[in-house]
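Undergrad: Pasting run28.cif here (mmCIF, C-alpha atoms and all ligand atoms):
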```
data_upload
#
loop_
_atom_site.label_atom_id
_atom_site.label_comp_id
_atom_site.auth_asym_id
_atom_site.auth_seq_id
_atom_site.Cartn_x
_atom_site.Cartn_y
_atom_site.Cartn_z
CA MET A 42 38.78 36.42 28.86
CA LYS A 43 40.50 34.93 31.89
CA ALA A 44 38.80 32.13 33.80
CA MET A 45 39.66 29.52 36.41
CA GLN A 46 39.05 26.04 35.10
CA TYR A 47 38.99 22.41 36.24
CA SER A 48 40.23 20.13 33.44
CA GLY A 49 38.77 16.98 35.05
CA TYR A 50 37.58 15.52 38.35
CA GLY A 51 39.98 16.08 41.22
CA ASP A 52 41.00 18.34 44.08
CA PRO A 53 41.39 22.13 43.88
CA SER A 54 45.06 21.81 42.83
CA LEU A 55 43.67 21.06 39.34
CA LEU A 56 42.31 24.60 39.08
CA LYS A 57 44.23 26.59 36.46
CA MET A 58 43.87 30.12 35.10
CA VAL A 59 43.11 29.88 31.35
CA GLU A 60 42.39 32.25 28.51
CA MET A 61 39.10 31.45 26.80
CA GLU A 62 36.67 33.04 24.37
CA THR A 63 34.22 35.50 25.90
CA PRO A 64 30.73 33.96 25.63
CA ARG A 65 27.87 35.75 23.85
CA PRO A 66 24.37 35.95 25.31
CA ALA A 67 21.71 33.86 23.55
CA ALA A 68 17.98 34.70 23.58
CA GLY A 69 16.81 35.34 27.14
CA GLN A 70 20.34 35.87 28.44
CA ILE A 71 22.55 38.77 29.49
CA LEU A 72 26.32 39.02 29.40
CA VAL A 73 27.76 40.19 32.71
CA LYS A 74 31.21 41.58 33.44
CA VAL A 75 31.86 39.68 36.63
CA HIS A 76 33.22 41.73 39.51
CA ALA A 77 32.82 39.13 42.24
CA ALA A 78 31.85 35.50 42.69
CA ALA A 79 31.34 33.44 45.84
CA VAL A 80 32.27 29.91 46.83
CA ASN A 81 29.71 27.33 47.91
CA PRO A 82 30.52 23.76 48.99
CA ILE A 83 28.75 22.47 45.85
CA ASP A 84 31.56 24.05 43.74
CA TRP A 85 34.23 21.63 44.97
CA LYS A 86 31.81 18.74 45.67
CA MET A 87 30.80 18.68 41.99
CA HIS A 88 34.38 18.84 40.79
CA ASP A 89 35.95 16.27 43.15
CA GLY A 90 33.90 13.53 41.48
CA SER A 91 31.91 12.46 44.55
CA LEU A 92 28.63 13.57 42.93
CA ARG A 93 29.48 12.45 39.39
CA TYR A 94 26.56 10.00 39.12
CA VAL A 95 24.03 12.57 40.33
CA LEU A 96 25.46 15.83 38.99
CA PRO A 97 27.93 14.98 36.20
CA VAL A 98 30.25 17.80 35.09
CA LYS A 99 31.21 18.52 31.50
CA PHE A 100 34.92 19.41 31.32
CA PRO A 101 36.69 21.76 31.02
CA SER A 102 34.55 23.46 33.64
CA VAL A 103 34.56 26.95 35.16
CA PRO A 104 33.21 26.65 38.73
CA GLY A 105 31.05 29.05 40.71
CA PHE A 106 27.32 29.70 40.83
CA ASP A 107 27.22 33.05 42.63
CA VAL A 108 27.95 36.08 40.53
CA ALA A 109 27.75 39.88 40.86
CA GLY A 110 28.66 42.33 38.15
CA GLN A 111 27.52 44.71 35.47
CA VAL A 112 25.42 43.99 32.38
CA VAL A 113 27.49 44.63 29.22
CA GLU A 114 25.35 42.95 26.53
CA ILE A 115 21.73 41.90 26.25
CA GLY A 116 20.45 38.93 24.28
CA PRO A 117 17.23 38.95 22.22
CA GLY A 118 13.99 39.00 24.18
CA VAL A 119 15.34 40.45 27.42
CA ASP A 120 13.54 43.56 28.67
CA ARG A 121 14.16 43.32 32.43
CA PHE A 122 17.69 44.74 32.29
CA THR A 123 19.65 47.46 30.51
CA ILE A 124 23.34 47.81 29.83
CA GLY A 125 25.16 49.10 32.90
CA ASP A 126 22.75 47.54 35.43
CA ARG A 127 24.42 46.07 38.50
CA ILE A 128 22.99 42.60 38.91
CA TYR A 129 23.54 39.50 40.98
CA ALA A 130 22.47 35.93 40.35
CA CYS A 131 22.77 32.27 41.16
CA LEU A 132 23.67 30.80 37.77
CA SER A 133 21.30 28.18 36.45
CA GLY A 134 23.80 26.19 34.36
CA ARG A 135 24.79 22.70 35.45
CA SER A 136 28.23 23.46 36.83
CA GLY A 137 28.44 27.20 37.24
CA GLY A 138 30.73 29.55 35.29
CA ALA A 139 31.02 32.44 37.75
CA CYS A 140 34.82 32.36 38.19
CA ALA A 141 35.55 34.11 34.91
CA GLU A 142 35.81 37.71 33.71
CA TYR A 143 32.46 37.40 31.92
CA ALA A 144 29.45 35.14 32.46
CA VAL A 145 26.25 34.62 30.52
CA VAL A 146 23.28 34.71 32.86
CA ASP A 147 19.70 33.64 32.15
CA ALA A 148 17.77 36.87 32.70
CA GLY A 149 15.12 34.98 34.70
CA VAL A 150 17.58 34.11 37.48
CA ALA A 151 19.14 37.57 37.87
CA ALA A 152 17.99 40.53 39.96
CA LEU A 153 19.13 44.10 40.36
CA SER A 154 21.71 44.22 43.09
CA PRO A 155 20.54 46.14 46.19
CA GLN A 156 22.02 49.66 46.06
CA GLN A 157 23.59 49.49 49.49
CA LEU A 158 25.72 46.45 48.62
CA ASP A 159 29.12 46.43 46.92
CA PHE A 160 29.92 43.65 44.46
CA PHE A 161 31.54 41.45 47.13
CA GLN A 162 28.49 41.65 49.38
CA ALA A 163 26.13 41.02 46.45
CA ALA A 164 28.07 37.97 45.26
CA ALA A 165 27.96 36.52 48.78
CA ILE A 166 24.19 36.23 48.75
CA PRO A 167 22.47 34.26 45.97
CA LEU A 168 22.85 30.47 46.35
CA ALA A 169 23.06 30.37 50.15
CA ALA A 170 20.28 32.90 50.75
CA LEU A 171 18.00 31.26 48.15
CA THR A 172 18.57 27.91 49.86
CA ALA A 173 17.68 29.41 53.23
CA LEU A 174 14.59 31.18 51.86
CA GLN A 175 13.27 28.18 49.92
CA SER A 176 13.93 25.84 52.88
CA LEU A 177 12.06 27.96 55.41
CA ARG A 178 9.25 29.32 53.24
CA ASP A 179 8.53 26.53 50.74
CA LEU A 180 9.49 23.39 52.66
CA GLY A 181 9.19 24.48 56.28
CA GLY A 182 6.10 26.67 55.75
CA LEU A 183 7.56 28.95 58.43
CA HIS A 184 5.33 31.72 59.74
CA ALA A 185 5.29 34.34 62.47
CA ASP A 186 5.55 33.21 66.10
CA GLN A 187 6.74 29.72 65.21
CA ARG A 188 9.88 28.37 66.82
CA LEU A 189 12.74 27.70 64.42
CA LEU A 190 15.93 25.72 65.08
CA ILE A 191 18.90 26.21 62.75
CA VAL A 192 21.86 23.84 63.03
CA GLY A 193 24.99 25.38 61.51
CA GLY A 194 24.00 29.01 62.13
CA SER A 195 27.47 30.37 61.35
CA GLY A 196 27.78 28.93 57.83
CA GLY A 197 26.74 30.34 54.47
CA VAL A 198 23.18 28.98 54.50
CA GLY A 199 22.69 29.16 58.27
CA HIS A 200 23.60 32.81 58.74
CA PHE A 201 21.03 33.81 56.11
CA ALA A 202 18.46 31.44 57.60
CA ILE A 203 18.73 33.18 60.98
CA GLN A 204 17.97 36.55 59.39
CA ILE A 205 15.18 35.24 57.16
CA GLY A 206 13.65 33.43 60.14
CA LYS A 207 13.62 36.69 62.09
CA ALA A 208 12.21 38.59 59.08
CA PHE A 209 9.34 36.06 59.01
CA GLY A 210 8.65 36.80 62.69
CA ALA A 211 9.82 33.46 64.05
CA HIS A 212 11.61 32.77 67.34
CA VAL A 213 15.06 31.62 66.22
CA THR A 214 17.44 29.28 68.03
CA ALA A 215 20.78 28.79 66.27
CA VAL A 216 23.39 26.11 66.92
CA CYS A 217 27.06 26.99 66.43
CA SER A 218 30.44 26.59 68.13
CA THR A 219 31.86 28.74 70.93
CA ARG A 220 34.00 30.88 68.61
CA ASN A 221 30.97 31.87 66.51
CA ALA A 222 28.42 32.42 69.28
CA ASP A 223 28.73 36.23 69.39
CA ARG A 224 28.45 36.60 65.62
CA VAL A 225 25.41 34.35 65.47
CA ALA A 226 23.72 36.27 68.28
CA ALA A 227 24.48 39.55 66.46
CA LEU A 228 22.61 38.25 63.41
CA GLY A 229 19.44 38.24 65.49
CA SER A 230 19.12 34.76 67.01
CA ASP A 231 16.92 34.78 70.08
CA GLN A 232 18.85 31.86 71.52
CA VAL A 233 22.26 30.41 70.73
CA ILE A 234 23.23 26.82 71.55
CA ASP A 235 26.94 26.02 71.62
CA TYR A 236 27.35 22.52 70.18
CA LYS A 237 30.77 22.23 71.81
CA LYS A 238 29.11 22.47 75.25
CA GLN A 239 25.63 21.05 74.74
CA SER A 240 24.67 17.98 72.71
CA ASP A 241 20.92 18.20 73.39
CA PHE A 242 19.44 21.06 71.33
CA SER A 243 16.07 21.27 73.10
CA SER A 244 15.34 24.63 74.66
CA GLY A 245 12.09 24.40 76.59
CA GLU A 246 9.30 24.80 74.05
CA PRO A 247 9.29 22.48 71.02
CA TYR A 248 10.46 23.63 67.58
CA ASP A 249 7.97 23.90 64.71
CA VAL A 250 10.56 24.07 61.94
CA MET A 251 14.16 22.97 61.86
CA LEU A 252 16.79 23.65 59.20
CA ASP A 253 19.77 21.33 59.46
CA CYS A 254 22.74 22.77 57.52
CA VAL A 255 25.14 20.15 58.88
CA VAL A 256 23.16 16.84 58.72
CA GLU A 257 25.52 14.98 61.00
CA LYS A 258 23.27 13.77 63.81
CA PRO A 259 20.49 11.24 63.17
CA TYR A 260 16.94 12.62 63.02
CA ARG A 261 16.02 10.86 66.27
CA ALA A 262 18.49 13.16 68.09
CA PHE A 263 16.09 16.05 67.42
CA GLN A 264 12.74 14.30 67.39
CA GLN A 265 11.87 14.85 71.05
CA ALA A 266 12.60 18.57 70.73
CA MET A 267 10.19 18.99 67.79
CA SER A 268 6.46 19.73 67.93
CA ARG A 269 3.91 17.11 66.88
CA GLU A 270 3.61 18.43 63.30
CA ALA A 271 7.11 19.87 62.97
CA VAL A 272 9.01 19.98 59.69
CA TYR A 273 12.72 19.12 59.56
CA VAL A 274 14.47 20.42 56.43
CA ALA A 275 17.82 18.91 55.45
CA VAL A 276 20.34 20.39 53.01
CA LEU A 277 21.96 17.00 52.34
CA PHE A 278 20.43 13.65 51.36
CA PRO A 279 22.14 10.75 53.16
CA LEU A 280 20.41 7.44 52.48
CA ARG A 281 19.60 6.87 56.17
CA LEU A 282 17.65 10.15 56.22
CA LEU A 283 15.82 9.40 52.95
CA VAL A 284 14.68 6.08 54.48
CA GLN A 285 13.73 7.80 57.74
CA SER A 286 11.65 10.38 55.83
CA VAL A 287 9.53 7.57 54.38
CA LEU A 288 9.24 5.61 57.63
CA LEU A 289 8.31 8.72 59.62
CA ARG A 290 5.15 9.12 57.54
CA LEU A 291 3.90 5.75 58.83
CA TYR A 292 3.71 6.74 62.48
CA SER A 293 4.06 10.52 62.87
CA LYS A 294 2.77 13.87 61.67
CA GLN A 295 6.32 15.23 61.72
CA ARG A 296 7.92 15.52 58.28
CA ILE A 297 11.47 15.33 56.92
CA ARG A 298 11.98 17.35 53.73
CA PHE A 299 14.99 17.97 51.51
CA VAL A 300 15.92 21.24 49.86
CA ILE A 301 17.35 21.59 46.36
CA CYS A 302 18.15 25.24 45.74
CA LYS A 303 16.50 26.65 42.63
CA ALA A 304 18.01 29.66 40.84
CA ASN A 305 15.17 32.19 40.74
CA GLY A 306 15.25 35.93 39.97
CA ASP A 307 11.93 36.60 41.71
CA ASP A 308 13.14 35.01 44.94
CA LEU A 309 16.34 37.02 44.63
CA ALA A 310 14.27 40.20 44.24
CA LEU A 311 12.53 39.28 47.49
CA ILE A 312 15.93 38.87 49.13
CA SER A 313 16.92 42.31 47.72
CA LYS A 314 13.86 43.72 49.47
CA LEU A 315 14.97 42.21 52.80
CA VAL A 316 18.42 43.76 52.26
CA SER A 317 16.89 47.17 51.49
CA GLU A 318 14.74 46.96 54.62
CA GLY A 319 17.85 46.25 56.70
CA LYS A 320 16.65 42.72 57.52
CA LEU A 321 19.38 40.76 55.75
CA ARG A 322 23.09 41.29 55.29
CA PRO A 323 25.84 38.93 54.22
CA LEU A 324 28.67 38.05 56.56
CA ILE A 325 31.90 37.84 54.56
CA ASP A 326 34.64 35.72 56.06
CA ARG A 327 37.43 35.99 53.47
CA VAL A 328 37.99 37.52 50.03
CA TYR A 329 40.46 35.84 47.65
CA PRO A 330 41.71 37.08 44.28
CA LEU A 331 40.61 34.95 41.32
CA HIS A 332 43.99 33.27 40.90
CA GLU A 333 43.75 31.98 44.50
CA LEU A 334 40.49 30.13 43.87
CA ALA A 335 42.10 26.79 44.81
CA THR A 336 42.94 28.18 48.27
CA ALA A 337 39.37 29.45 48.58
CA HIS A 338 38.00 25.99 47.70
CA ARG A 339 40.33 24.38 50.25
CA TYR A 340 39.15 26.78 52.93
CA SER A 341 35.53 25.89 52.10
CA GLN A 342 36.50 22.20 52.32
CA SER A 343 37.74 22.79 55.88
CA GLY A 344 34.09 23.28 56.93
CA ARG A 345 35.11 26.18 59.17
CA ALA A 346 34.03 29.19 57.04
CA ARG A 347 32.02 31.83 58.88
CA GLY A 348 29.45 33.24 56.50
CA LYS A 349 30.73 33.50 52.94
CA ILE A 350 33.96 33.16 50.98
CA VAL A 351 34.12 35.71 48.15
CA ILE A 352 36.26 35.82 45.01
CA ASP A 353 37.49 39.19 43.76
CA VAL A 354 37.27 38.49 40.02
CA ALA A 355 37.86 42.01 38.67
CA GLY A 356 40.56 43.04 41.14
CA ASP A 357 38.28 45.56 42.91
CA ALA A 358 39.81 45.05 46.37
N1 LIG A 401 20.61 21.13 48.94
C1 LIG A 401 20.95 22.35 48.52
O1 LIG A 401 20.33 22.94 47.61
C2 LIG A 401 22.12 23.04 49.19
C3 LIG A 401 22.34 24.39 48.98
C4 LIG A 401 23.38 25.01 49.65
C5 LIG A 401 24.22 24.27 50.49
N2 LIG A 401 24.00 22.94 50.63
C6 LIG A 401 24.85 22.13 51.53
O2 LIG A 401 24.60 22.64 52.83
C7 LIG A 401 25.76 22.47 53.64
C8 LIG A 401 26.04 23.80 54.31
O3 LIG A 401 26.39 24.75 53.32
P1 LIG A 401 27.05 26.13 53.73
O4 LIG A 401 27.32 26.90 52.51
O5 LIG A 401 26.28 26.72 54.84
O6 LIG A 401 28.45 25.55 54.33
P2 LIG A 401 29.60 26.28 55.06
O7 LIG A 401 29.43 27.75 54.97
O8 LIG A 401 30.88 25.70 54.56
O9 LIG A 401 29.41 25.82 56.60
C9 LIG A 401 30.47 26.01 57.45
C10 LIG A 401 29.93 26.29 58.85
O10 LIG A 401 29.35 25.11 59.39
C11 LIG A 401 29.59 25.14 60.80
N3 LIG A 401 29.59 23.78 61.35
C12 LIG A 401 30.38 22.75 61.00
N4 LIG A 401 30.07 21.65 61.74
C13 LIG A 401 29.05 22.04 62.57
C14 LIG A 401 28.28 21.36 63.57
N5 LIG A 401 28.51 20.07 63.87
N6 LIG A 401 27.31 22.04 64.19
C15 LIG A 401 27.05 23.34 63.90
N7 LIG A 401 27.76 24.04 62.97
C16 LIG A 401 28.74 23.39 62.32
C17 LIG A 401 30.97 25.74 60.92
O11 LIG A 401 31.11 26.37 62.16
P3 LIG A 401 32.23 25.84 63.21
O12 LIG A 401 33.55 26.02 62.53
O13 LIG A 401 32.07 26.74 64.36
O14 LIG A 401 31.91 24.42 63.49
C18 LIG A 401 31.01 26.76 59.78
O15 LIG A 401 30.72 28.07 60.22
C19 LIG A 401 26.87 21.99 52.70
O16 LIG A 401 26.99 20.59 52.86
C20 LIG A 401 26.33 22.29 51.32
O17 LIG A 401 26.84 21.43 50.33
C21 LIG A 401 22.97 22.30 50.01
#
```
Kindly transcribe the structure held in the file into structure tokens.
Ligand SMILES: NC(=O)c1ccc[n+]([C@@H]2O[C@H](COP(=O)([O-])OP(=O)(O)OC[C@H]3O[C@@H](n4cnc5c(N)ncnc54)[C@H](OP(=O)(O)O)[C@@H]3O)[C@@H](O)[C@H]2O)c1

TA:
Amino acid sequence: MKAMQYSGYGDPSLLKMVEMETPRPAAGQILVKVHAAAVNPIDWKMHDGSLRYVLPVKFPSVPGFDVAGQVVEIGPGVDRFTIGDRIYACLSGRSGGACAEYAVVDAGVAALSPQQLDFFQAAAIPLAALTALQSLRDLGGLHADQRLLIVGGSGGVGHFAIQIGKAFGAHVTAVCSTRNADRVAALGSDQVIDYKKQSDFSSGEPYDVMLDCVVEKPYRAFQQAMSREAVYVAVLFPLRLLVQSVLLRLYSKQRIRFVICKANGDDLALISKLVSEGKLRPLIDRVYPLHELATAHRYSQSGRARGKIVIDVAGDA
């Protein structure tokens, strides 16, 4: 099969199309003919070497965690899927494997793809939507009528967080730049704050939960705008914030928490339900053919993507 591969740590120019053996599913796994994959910042962050002491990569390595395709073979012990099923998943392996013609997927992390989505839309969802869901539900404890602030509302995680926040019945304020304000409002935000025009993100009533998808400003920049027992969830783990999360416990009921996305088929099934109910849809910024994966990674590195970057693995476009 064809796959895009990094031979070692470095920038996306190292990505090469290679021919490799098609994997076989082991017990508990399915083999999927990949139609589409999606890019997440973790794909290039893992491969540029900056995370090598935390998340080491075994080379050669096929990047990509988000996958959508059709089941072509079933390993022993799998009864949740049949051949021909259209599935999507966030792969649970250490460094991905989605950017290839076939991928083995642990059955426990896959879900049937919602019928109304094509493969590109399905691939756009898993890792970013799971991160948003797990941040708001498990770490933020978000519930109806709470006030939610999302910084980075136009990105992969943020645009799903807006929709999940609304589905939970929260009042959502999203922070984005001028050029993305209309899109972010169209996703359902009750209020949009343009970070190019306003540096203070308070908006009258205090926020109960905050999801920071950018993690650029120090926590104290938000503290006054948060309620007494508010939870701030961060997608990144800078040392200053880890220290602050410990210190905060000494004098405040506010909490700083950190999300680590977990591949999970049951959570993905919940996301499928939101899609079927018309409460969640992916925003696709660009679609690249598989051989242009390096360009897709560079675009993700720019930090300017709106919604998701998708890879057309099977040439469906
Ligand atoms: N811990 C985990 O499990 C986990 C999981 C997923 C992602 N992450 C991390 O979360 C971060 C976000 O991921 P993502 O997939 O959402 O990234 P992304 O899609 O690449 O985010 C790009 C978006 O961020 C916006 N943005 C950039 N600077 C901003 C600012 N100062 N204020 C508001 N918006 C800003 C950009 O809009 P403009 O161009 O308009 O500025 C753009 O739309 C990444 O660092 C990623 O590695 C962590």

Undergrad: Let me see if you get this right: every residue at most 8 Å from ligand LIG 401 (chain A), counting only C-alpha atoms and all ligand atoms, written as a PDB file with C-alpha atoms, in the frame of the given file.

TA:
```pdb
ATOM      1  CA  ASN A  81      29.710  27.330  47.910  1.00  0.00           C
ATOM      2  CA  PRO A  82      30.520  23.760  48.990  1.00  0.00           C
ATOM      3  CA  ILE A  83      28.750  22.470  45.850  1.00  0.00           C
ATOM      4  CA  LYS A  86      31.810  18.740  45.670  1.00  0.00           C
ATOM      5  CA  LEU A 168      22.850  30.470  46.350  1.00  0.00           C
ATOM      6  CA  ALA A 169      23.060  30.370  50.150  1.00  0.00           C
ATOM      7  CA  THR A 172      18.570  27.910  49.860  1.00  0.00           C
ATOM      8  CA  VAL A 192      21.860  23.840  63.030  1.00  0.00           C
ATOM      9  CA  GLY A 193      24.990  25.380  61.510  1.00  0.00           C
ATOM     10  CA  GLY A 194      24.000  29.010  62.130  1.00  0.00           C
ATOM     11  CA  SER A 195      27.470  30.370  61.350  1.00  0.00           C
ATOM     12  CA  GLY A 196      27.780  28.930  57.830  1.00  0.00           C
ATOM     13  CA  GLY A 197      26.740  30.340  54.470  1.00  0.00           C
ATOM     14  CA  VAL A 198      23.180  28.980  54.500  1.00  0.00           C
ATOM     15  CA  GLY A 199      22.690  29.160  58.270  1.00  0.00           C
ATOM     16  CA  HIS A 200      23.600  32.810  58.740  1.00  0.00           C
ATOM     17  CA  VAL A 216      23.390  26.110  66.920  1.00  0.00           C
ATOM     18  CA  CYS A 217      27.060  26.990  66.430  1.00  0.00           C
ATOM     19  CA  SER A 218      30.440  26.590  68.130  1.00  0.00           C
ATOM     20  CA  THR A 219      31.860  28.740  70.930  1.00  0.00           C
ATOM     21  CA  ARG A 220      34.000  30.880  68.610  1.00  0.00           C
ATOM     22  CA  ASN A 221      30.970  31.870  66.510  1.00  0.00           C
ATOM     23  CA  TYR A 236      27.350  22.520  70.180  1.00  0.00           C
ATOM     24  CA  CYS A 254      22.740  22.770  57.520  1.00  0.00           C
ATOM     25  CA  VAL A 255      25.140  20.150  58.880  1.00  0.00           C
ATOM     26  CA  VAL A 256      23.160  16.840  58.720  1.00  0.00           C
ATOM     27  CA  GLU A 257      25.520  14.980  61.000  1.00  0.00           C
ATOM     28  CA  ALA A 275      17.820  18.910  55.450  1.00  0.00           C
ATOM     29  CA  VAL A 276      20.340  20.390  53.010  1.00  0.00           C
ATOM     30  CA  LEU A 277      21.960  17.000  52.340  1.00  0.00           C
ATOM     31  CA  PHE A 278      20.430  13.650  51.360  1.00  0.00           C
ATOM     32  CA  PHE A 299      14.990  17.970  51.510  1.00  0.00           C
ATOM     33  CA  VAL A 300      15.920  21.240  49.860  1.00  0.00           C
ATOM     34  CA  ILE A 301      17.350  21.590  46.360  1.00  0.00           C
ATOM     35  CA  CYS A 302      18.150  25.240  45.740  1.00  0.00           C
ATOM     36  CA  LYS A 303      16.500  26.650  42.630  1.00  0.00           C
ATOM     37  CA  SER A 341      35.530  25.890  52.100  1.00  0.00           C
ATOM     38  CA  GLN A 342      36.500  22.200  52.320  1.00  0.00           C
ATOM     39  CA  SER A 343      37.740  22.790  55.880  1.00  0.00           C
ATOM     40  CA  GLY A 344      34.090  23.280  56.930  1.00  0.00           C
ATOM     41  CA  ARG A 345      35.110  26.180  59.170  1.00  0.00           C
ATOM     42  CA  ALA A 346      34.030  29.190  57.040  1.00  0.00           C
ATOM     43  CA  ARG A 347      32.020  31.830  58.880  1.00  0.00           C
ATOM     44  CA  GLY A 348      29.450  33.240  56.500  1.00  0.00           C
ATOM     45  CA  LYS A 349      30.730  33.500  52.940  1.00  0.00           C
TER      46      LYS A 349
END
```

Undergrad: By how many Å are atom CA of A:Asp147 and atom CA of A:Leu334 apart?

TA: 24.1 Å

Undergrad: Write out as a Markdown table the residues of stretch 129-158 of chain A that have any atom within 6 Å of an atom of stretch 101-118 of chain A, one row each with the nearest atom pair and its distance in Å to one decimal, counting only C-alpha atoms, sorted by chain and then rising number.

TA:
```
| residue | atom | partner | partner_atom | distance |
| --- | --- | --- | --- | --- |
| A:Tyr129 | CA | A:Ala109 | CA | 4.2 |
| A:Ala130 | CA | A:Val108 | CA | 5.5 |
| A:Cys131 | CA | A:Asp107 | CA | 4.8 |
| A:Leu132 | CA | A:Phe106 | CA | 4.9 |
| A:Gly137 | CA | A:Phe106 | CA | 4.5 |
| A:Gly138 | CA | A:Val103 | CA | 4.6 |
| A:Ala139 | CA | A:Gly105 | CA | 4.5 |
| A:Cys140 | CA | A:Gly105 | CA | 5.6 |
```

Undergrad: Produce a file of the selected residues containing C-alpha atoms, as a PDB file, in the frame of the given file.

TA:
```pdb
ATOM      1  CA  TYR A 129      23.540  39.500  40.980  1.00  0.00           C
ATOM      2  CA  ALA A 130      22.470  35.930  40.350  1.00  0.00           C
ATOM      3  CA  CYS A 131      22.770  32.270  41.160  1.00  0.00           C
ATOM      4  CA  LEU A 132      23.670  30.800  37.770  1.00  0.00           C
ATOM      5  CA  GLY A 137      28.440  27.200  37.240  1.00  0.00           C
ATOM      6  CA  GLY A 138      30.730  29.550  35.290  1.00  0.00           C
ATOM      7  CA  ALA A 139      31.020  32.440  37.750  1.00  0.00           C
ATOM      8  CA  CYS A 140      34.820  32.360  38.190  1.00  0.00           C
TER       9      CYS A 140
END
```

Undergrad: Please indicate the distance in Å from atom CA of A:Pro167 to atom CA of A:Val150, rounded to one decimal place.

TA: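 Computed distance, atom CA of A:Pro167 to atom CA of A:Val150, equals 9.8 Å.
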
Undergrad: Kindly indicate which residue among A:Gly125, A:Ala304, A:Glu142, A:Tyr260 lies nearest to A:Leu283, using all atoms listed in the file for the distances.

TA: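 Closest to A:Leu283 of all the choices is A:Tyr260.
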
Undergrad: For atom CA of A:Gly306 and atom CA of A:Tyr94, determine how far apart the two atoms are, in Å to one decimal place.

TA: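 The value is 28.3 Å.
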
Undergrad: Restricting the calculation to all atoms listed in the file, which member of A:Leu92, A:Ile234, A:Phe161, A:Ala355 is positioned closest to A:Val80?

TA: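 Ranked by minimum distance to A:Val80, first place goes to A:Phe161.
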
Undergrad: Using all atoms listed in the file, which of A:Leu171, A:Ala211, A:Leu289, A:Ile166 sits nearest A:Ala185?

TA: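 Using all atoms listed in the file, the shortest distance to A:Ala185 belongs to A:Ala211.
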
Undergrad: Out of A:Ser91, A:Gln162, A:Ser293, A:Thr214, which residue has the shortest atom-to-atom distance to A:Leu190 when counting all atoms listed in the file?

TA: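 Result for the nearest residue to A:Leu190: A:Thr214.
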
Undergrad: Given the choices A:Ala310, A:Ala358, A:Leu291, A:Met42, which gets closest to A:Leu153 if the distance is worked out from only C-alpha atoms?

TA: A:Ala310

Undergrad: My list of candidates is A:Val95, A:Gln175, A:Ala44, A:Gln232. Which is closest to A:Pro64 when distances are computed with all atoms listed in the file?

TA: A:Ala44

Undergrad: Report as a list in words all protein, DNA and RNA residues lying within 7 Å of A:Val250, evaluated on all atoms listed in the file, omitting residues in the same chain fewer than 5 positions from it.

TA: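 Contacts, with the query itself left out: Gly181, Leu183, Arg188, Leu189, Leu190, Ala271, Val272 and Tyr273 of chain A.
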
Undergrad: Taking (11.0, 37.4, 38.4) in the file's coordinates, which residues come within 10 Å, counting all atoms listed in the file, written as a list in words?

TA: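 Taken together, the residues in range are Arg121, Ala148, Gly149, Val150, Ala151, Ala152, Asn305, Gly306, Asp307, Asp308, Leu309, Ala310 and Leu311 of chain A.
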